[in-house]
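Structure, as structure tokens:
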Amino acid sequence: YMIGSAEKLPFEDESVDLITASVAAHWFNTEEFFSEVSRVLKPRGCMALFCMEARTDLHYKDCSQAVTDTFMAAFNYVAREYGSERISVEAMLSEYNDIFDAVPFEDKTRVTRRSEEH
């Protein structure tokens with residue numbers, strides 16, 4: 001276990017079995033990060049990126065839609081107001097679609113958990 005810069009991983013080439021990042025990839029320079037991941041992962045190594053589900057359905061009595069709409073409006077305001085060029089708010093709101101598309105490995109899998117599936 002080690003904490004470090006995503007764009008300059010402190011590991012030798014092909015020396016890592018697993019790389020994880022939780023609610024963080026929207027902070028990375030993805031091109032540099034994926035270059036480092038490609039460099040340090042062992043053959044058949046694994047990378048797992050986790051993100052929060054920005055679209056949330058809240059339920060309360062007979063006003064679930066109003067509560068959900070209010071929460072999402074507040075979330076979007078805070079994300080845009082306090083975001084910066086370094087933080088891709090759009091990446092979070094799109095559930096990392098652009099980041100997933102940029103993953104340079106052919107054998108990638110996207111796993112999602114949607115609230116309507118519960």
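Ordering of the structure tokens sets the chain letters (A, B, ...), residue numbers begin anew at 1 in every chain, and ligands are numbered from 1 in the order given.
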Mind the document's chain letters and residue numbers, and return as number ranges by chain the residues of chain A that DSSP labels strand (DSSP E). A: 16-22, 41-50
With all heavy atoms retained, export the selected residues as a compact mmCIF listing (two decimals), in the first residue's frame.
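As written to disk, selection-v9.txt reads:
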```
# COMPACT_ATOMS: atom_id res chain seq x y z
N VAL A 16 3.40 -4.16 -10.34
CA VAL A 16 2.19 -3.99 -9.53
C VAL A 16 1.07 -4.89 -10.06
O VAL A 16 0.83 -4.95 -11.27
CB VAL A 16 1.74 -2.51 -9.56
CG1 VAL A 16 0.44 -2.31 -8.81
CG2 VAL A 16 2.82 -1.61 -8.99
N ASP A 17 0.42 -5.59 -9.14
CA ASP A 17 -0.71 -6.47 -9.51
C ASP A 17 -2.03 -5.71 -9.64
O ASP A 17 -2.85 -6.04 -10.48
CB ASP A 17 -0.90 -7.57 -8.45
CG ASP A 17 0.23 -8.56 -8.45
OD1 ASP A 17 0.51 -9.14 -9.50
OD2 ASP A 17 0.84 -8.74 -7.38
N LEU A 18 -2.24 -4.73 -8.77
CA LEU A 18 -3.53 -4.04 -8.70
C LEU A 18 -3.34 -2.56 -8.41
O LEU A 18 -2.59 -2.19 -7.51
CB LEU A 18 -4.40 -4.66 -7.59
CG LEU A 18 -5.72 -3.99 -7.26
CD1 LEU A 18 -6.68 -4.09 -8.44
CD2 LEU A 18 -6.34 -4.60 -6.01
N ILE A 19 -4.02 -1.73 -9.19
CA ILE A 19 -4.07 -0.28 -8.94
C ILE A 19 -5.53 0.09 -8.75
O ILE A 19 -6.38 -0.27 -9.57
CB ILE A 19 -3.47 0.52 -10.11
CG1 ILE A 19 -1.98 0.24 -10.23
CG2 ILE A 19 -3.74 2.02 -9.94
CD1 ILE A 19 -1.32 0.90 -11.40
N THR A 20 -5.84 0.79 -7.65
CA THR A 20 -7.20 1.25 -7.41
C THR A 20 -7.19 2.76 -7.14
O THR A 20 -6.22 3.31 -6.65
CB THR A 20 -7.84 0.55 -6.20
OG1 THR A 20 -7.11 0.88 -5.02
CG2 THR A 20 -7.89 -0.95 -6.38
N ALA A 21 -8.30 3.39 -7.48
CA ALA A 21 -8.51 4.80 -7.15
C ALA A 21 -10.00 4.97 -6.91
O ALA A 21 -10.81 4.62 -7.76
CB ALA A 21 -8.03 5.71 -8.27
N SER A 22 -10.36 5.50 -5.77
CA SER A 22 -11.76 5.64 -5.40
C SER A 22 -12.14 7.12 -5.36
O SER A 22 -11.56 7.89 -4.62
CB SER A 22 -12.00 5.00 -4.03
OG SER A 22 -13.34 5.16 -3.65
N LEU A 41 1.89 -1.80 -14.25
CA LEU A 41 1.11 -3.03 -14.07
C LEU A 41 1.86 -4.23 -14.62
O LEU A 41 2.45 -4.18 -15.69
CB LEU A 41 -0.23 -2.93 -14.79
CG LEU A 41 -1.41 -2.38 -14.03
CD1 LEU A 41 -2.66 -2.44 -14.90
CD2 LEU A 41 -1.65 -3.05 -12.70
N LYS A 42 1.78 -5.32 -13.87
CA LYS A 42 2.30 -6.59 -14.35
C LYS A 42 1.42 -7.07 -15.50
O LYS A 42 0.25 -6.68 -15.59
CB LYS A 42 2.26 -7.64 -13.24
CG LYS A 42 3.24 -7.43 -12.13
CD LYS A 42 3.09 -8.54 -11.08
CE LYS A 42 4.05 -8.36 -9.93
NZ LYS A 42 3.86 -9.41 -8.90
N PRO A 43 1.96 -7.93 -16.36
CA PRO A 43 1.08 -8.54 -17.37
C PRO A 43 -0.09 -9.22 -16.64
O PRO A 43 0.10 -9.87 -15.62
CB PRO A 43 1.99 -9.58 -18.05
CG PRO A 43 3.38 -9.02 -17.85
CD PRO A 43 3.35 -8.36 -16.48
N ARG A 44 -1.28 -9.01 -17.12
CA ARG A 44 -2.51 -9.52 -16.52
C ARG A 44 -2.82 -8.85 -15.18
O ARG A 44 -3.61 -9.35 -14.39
CB ARG A 44 -2.50 -11.03 -16.40
CG ARG A 44 -2.23 -11.71 -17.74
CD ARG A 44 -2.74 -13.09 -17.97
NE ARG A 44 -3.96 -13.50 -17.33
CZ ARG A 44 -5.20 -13.38 -17.86
NH1 ARG A 44 -5.36 -12.81 -19.03
NH2 ARG A 44 -6.24 -13.82 -17.22
N GLY A 45 -2.20 -7.68 -14.92
CA GLY A 45 -2.53 -6.89 -13.74
C GLY A 45 -3.90 -6.26 -13.90
O GLY A 45 -4.51 -6.34 -14.97
N CYS A 46 -4.38 -5.61 -12.87
CA CYS A 46 -5.73 -5.06 -12.88
C CYS A 46 -5.75 -3.63 -12.36
O CYS A 46 -5.05 -3.29 -11.42
CB CYS A 46 -6.62 -5.94 -11.99
SG CYS A 46 -8.35 -5.40 -11.95
N MET A 47 -6.56 -2.80 -12.99
CA MET A 47 -6.81 -1.45 -12.53
C MET A 47 -8.30 -1.34 -12.25
O MET A 47 -9.13 -1.77 -13.06
CB MET A 47 -6.43 -0.43 -13.61
CG MET A 47 -6.79 0.99 -13.24
SD MET A 47 -6.54 2.19 -14.57
CE MET A 47 -7.76 1.67 -15.76
N ALA A 48 -8.66 -0.76 -11.10
CA ALA A 48 -10.07 -0.56 -10.76
C ALA A 48 -10.26 0.89 -10.35
O ALA A 48 -9.62 1.37 -9.42
CB ALA A 48 -10.49 -1.49 -9.63
N LEU A 49 -11.14 1.59 -11.05
CA LEU A 49 -11.48 2.97 -10.72
C LEU A 49 -12.93 2.98 -10.22
O LEU A 49 -13.81 2.41 -10.86
CB LEU A 49 -11.35 3.89 -11.93
CG LEU A 49 -10.00 3.91 -12.63
CD1 LEU A 49 -10.05 4.83 -13.84
CD2 LEU A 49 -8.92 4.36 -11.67
N PHE A 50 -13.16 3.62 -9.11
CA PHE A 50 -14.49 3.71 -8.52
C PHE A 50 -14.93 5.16 -8.53
O PHE A 50 -14.13 6.05 -8.30
CB PHE A 50 -14.48 3.25 -7.06
CG PHE A 50 -13.87 1.91 -6.83
CD1 PHE A 50 -12.50 1.76 -6.69
CD2 PHE A 50 -14.68 0.79 -6.74
CE1 PHE A 50 -11.94 0.52 -6.47
CE2 PHE A 50 -14.12 -0.46 -6.51
CZ PHE A 50 -12.75 -0.59 -6.38
```
Once DSSP has gone over the backbone, tell me which residues of chain A are in helix (DSSP H, G or I), as a compact mmCIF listing (two decimals) with N, CA, C and O atoms, in the first residue's frame.
```txt
# COMPACT_ATOMS: atom_id res chain seq x y z
N ALA A 25 -10.34 9.70 -9.94
CA ALA A 25 -9.83 9.78 -11.30
C ALA A 25 -10.16 11.10 -11.99
O ALA A 25 -9.45 11.53 -12.89
N HIS A 26 -11.21 11.77 -11.56
CA HIS A 26 -11.55 13.07 -12.15
C HIS A 26 -10.53 14.15 -11.76
O HIS A 26 -10.54 15.23 -12.33
N TRP A 27 -9.64 13.87 -10.82
CA TRP A 27 -8.57 14.79 -10.44
C TRP A 27 -7.32 14.58 -11.29
O TRP A 27 -6.44 15.42 -11.32
N THR A 30 -5.52 12.22 -17.04
CA THR A 30 -5.76 10.82 -17.39
C THR A 30 -4.74 10.28 -18.37
O THR A 30 -4.36 9.11 -18.26
N GLU A 31 -4.27 11.08 -19.29
CA GLU A 31 -3.27 10.59 -20.24
C GLU A 31 -1.99 10.16 -19.51
O GLU A 31 -1.45 9.07 -19.74
N GLU A 32 -1.51 11.00 -18.59
CA GLU A 32 -0.31 10.66 -17.83
C GLU A 32 -0.56 9.49 -16.89
O GLU A 32 0.29 8.61 -16.73
N PHE A 33 -1.73 9.47 -16.25
CA PHE A 33 -2.07 8.38 -15.34
C PHE A 33 -2.09 7.04 -16.07
O PHE A 33 -1.48 6.07 -15.62
N PHE A 34 -2.79 6.98 -17.21
CA PHE A 34 -2.87 5.71 -17.93
C PHE A 34 -1.51 5.28 -18.47
O PHE A 34 -1.23 4.09 -18.56
N SER A 35 -0.67 6.22 -18.80
CA SER A 35 0.70 5.89 -19.21
C SER A 35 1.44 5.22 -18.05
O SER A 35 2.14 4.21 -18.24
N GLU A 36 1.30 5.77 -16.86
CA GLU A 36 1.94 5.19 -15.68
C GLU A 36 1.35 3.82 -15.34
O GLU A 36 2.08 2.89 -14.99
N VAL A 37 0.04 3.70 -15.43
CA VAL A 37 -0.60 2.41 -15.17
C VAL A 37 -0.06 1.36 -16.14
O VAL A 37 0.31 0.25 -15.73
N SER A 38 0.03 1.70 -17.41
CA SER A 38 0.55 0.77 -18.41
C SER A 38 1.99 0.38 -18.09
O SER A 38 2.39 -0.76 -18.31
N ARG A 39 2.74 1.30 -17.57
CA ARG A 39 4.15 1.04 -17.25
C ARG A 39 4.30 0.12 -16.04
O ARG A 39 5.08 -0.82 -16.07
N VAL A 40 3.56 0.36 -14.97
CA VAL A 40 3.81 -0.35 -13.71
C VAL A 40 3.01 -1.64 -13.53
O VAL A 40 3.41 -2.50 -12.75
N SER A 64 -40.87 12.58 -3.16
CA SER A 64 -39.57 12.03 -3.55
C SER A 64 -38.94 12.78 -4.71
O SER A 64 -37.74 13.09 -4.69
N GLN A 65 -39.71 13.09 -5.73
CA GLN A 65 -39.15 13.78 -6.90
C GLN A 65 -38.67 15.18 -6.53
O GLN A 65 -37.60 15.61 -6.96
N ALA A 66 -39.43 15.90 -5.72
CA ALA A 66 -39.02 17.25 -5.30
C ALA A 66 -37.74 17.20 -4.46
O ALA A 66 -36.84 18.03 -4.64
N VAL A 67 -37.64 16.22 -3.57
CA VAL A 67 -36.43 16.08 -2.74
C VAL A 67 -35.24 15.74 -3.63
O VAL A 67 -34.16 16.31 -3.49
N THR A 68 -35.43 14.81 -4.57
CA THR A 68 -34.36 14.43 -5.49
C THR A 68 -33.93 15.62 -6.32
O THR A 68 -32.73 15.88 -6.47
N ASP A 69 -34.88 16.36 -6.87
CA ASP A 69 -34.55 17.53 -7.70
C ASP A 69 -33.78 18.58 -6.90
O ASP A 69 -32.83 19.17 -7.40
N THR A 70 -34.19 18.82 -5.66
CA THR A 70 -33.51 19.80 -4.81
C THR A 70 -32.09 19.34 -4.50
O THR A 70 -31.15 20.13 -4.59
N PHE A 71 -31.93 18.07 -4.15
CA PHE A 71 -30.59 17.54 -3.88
C PHE A 71 -29.69 17.67 -5.10
O PHE A 71 -28.54 18.11 -4.99
N MET A 72 -30.19 17.28 -6.27
CA MET A 72 -29.37 17.34 -7.48
C MET A 72 -29.03 18.78 -7.85
O MET A 72 -27.91 19.05 -8.30
N ALA A 73 -29.95 19.71 -7.65
CA ALA A 73 -29.65 21.11 -7.92
C ALA A 73 -28.54 21.60 -7.00
O ALA A 73 -27.60 22.29 -7.43
N ALA A 74 -28.61 21.24 -5.72
CA ALA A 74 -27.56 21.62 -4.77
C ALA A 74 -26.23 20.96 -5.12
O ALA A 74 -25.18 21.60 -5.10
N PHE A 75 -26.25 19.68 -5.46
CA PHE A 75 -25.04 18.97 -5.85
C PHE A 75 -24.39 19.63 -7.06
O PHE A 75 -23.19 19.89 -7.08
N ASN A 76 -25.19 19.90 -8.08
CA ASN A 76 -24.66 20.51 -9.30
C ASN A 76 -24.09 21.90 -9.02
O ASN A 76 -23.04 22.27 -9.55
N TYR A 77 -24.76 22.68 -8.19
CA TYR A 77 -24.26 24.01 -7.83
C TYR A 77 -22.92 23.91 -7.12
O TYR A 77 -21.96 24.59 -7.50
N VAL A 78 -22.84 23.09 -6.09
CA VAL A 78 -21.60 22.97 -5.33
C VAL A 78 -20.48 22.44 -6.22
O VAL A 78 -19.35 22.95 -6.19
N ALA A 79 -20.77 21.43 -7.03
CA ALA A 79 -19.74 20.85 -7.90
C ALA A 79 -19.19 21.89 -8.88
O ALA A 79 -17.98 21.97 -9.09
N ARG A 80 -20.07 22.70 -9.44
CA ARG A 80 -19.61 23.69 -10.41
C ARG A 80 -18.99 24.92 -9.73
O ARG A 80 -18.01 25.48 -10.20
N GLU A 81 -19.56 25.33 -8.61
CA GLU A 81 -19.07 26.51 -7.89
C GLU A 81 -17.67 26.27 -7.31
O GLU A 81 -16.84 27.15 -7.33
N TYR A 82 -17.45 25.09 -6.79
CA TYR A 82 -16.19 24.81 -6.11
C TYR A 82 -15.25 23.94 -6.93
O TYR A 82 -14.17 23.59 -6.48
N VAL A 89 -15.81 18.05 -13.20
CA VAL A 89 -17.15 17.82 -12.66
C VAL A 89 -17.96 17.01 -13.66
O VAL A 89 -18.71 16.12 -13.29
N GLU A 90 -17.76 17.29 -14.92
CA GLU A 90 -18.49 16.55 -15.95
C GLU A 90 -18.16 15.06 -15.90
O GLU A 90 -19.02 14.22 -16.14
N ALA A 91 -16.91 14.72 -15.57
CA ALA A 91 -16.54 13.31 -15.44
C ALA A 91 -17.36 12.65 -14.35
O ALA A 91 -17.84 11.53 -14.51
N MET A 92 -17.52 13.35 -13.23
CA MET A 92 -18.32 12.79 -12.14
C MET A 92 -19.78 12.65 -12.56
O MET A 92 -20.41 11.62 -12.33
N LEU A 93 -20.32 13.70 -13.16
CA LEU A 93 -21.73 13.69 -13.52
C LEU A 93 -22.03 12.67 -14.62
O LEU A 93 -23.13 12.15 -14.69
N ASN A 97 -17.75 8.28 -17.84
CA ASN A 97 -17.83 7.72 -19.19
C ASN A 97 -16.61 8.07 -20.03
O ASN A 97 -16.05 7.20 -20.70
N ASP A 98 -16.20 9.34 -20.04
CA ASP A 98 -15.04 9.74 -20.84
C ASP A 98 -13.77 9.08 -20.34
O ASP A 98 -12.91 8.68 -21.13
N ILE A 99 -13.64 8.96 -19.03
CA ILE A 99 -12.46 8.31 -18.46
C ILE A 99 -12.46 6.83 -18.84
O ILE A 99 -11.43 6.29 -19.26
N PHE A 100 -13.61 6.18 -18.74
CA PHE A 100 -13.69 4.77 -19.14
C PHE A 100 -13.31 4.61 -20.61
O PHE A 100 -12.54 3.70 -20.97
N ASP A 101 -13.83 5.48 -21.45
CA ASP A 101 -13.52 5.40 -22.88
C ASP A 101 -12.03 5.58 -23.14
O ASP A 101 -11.50 5.03 -24.11
N ALA A 102 -11.34 6.34 -22.29
CA ALA A 102 -9.91 6.59 -22.47
C ALA A 102 -9.02 5.48 -21.93
O ALA A 102 -7.81 5.48 -22.19
N SER A 115 -29.81 2.78 -9.23
CA SER A 115 -30.80 2.73 -8.16
C SER A 115 -32.09 2.05 -8.61
O SER A 115 -32.76 1.40 -7.82
N GLU A 116 -32.42 2.13 -9.90
CA GLU A 116 -33.65 1.50 -10.37
C GLU A 116 -33.54 -0.03 -10.41
O GLU A 116 -34.52 -0.73 -10.56
N GLU A 117 -32.30 -0.56 -10.23
CA GLU A 117 -32.11 -2.00 -10.24
C GLU A 117 -32.32 -2.62 -8.86
O GLU A 117 -32.30 -3.82 -8.72
```
Would you mind reading off the distance between atom CA of A:Asn29 and atom CA of A:Tyr96, one decimal, in Å? 13.5 Å
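Taking atom CA of A:Thr112 and atom CA of A:Glu95 as endpoints, the distance between them is 9.0 Å.
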What does the distance between atom CA of A:Asp107 and atom CA of A:Thr56 come to in Å, to one decimal place? 29.1 Å
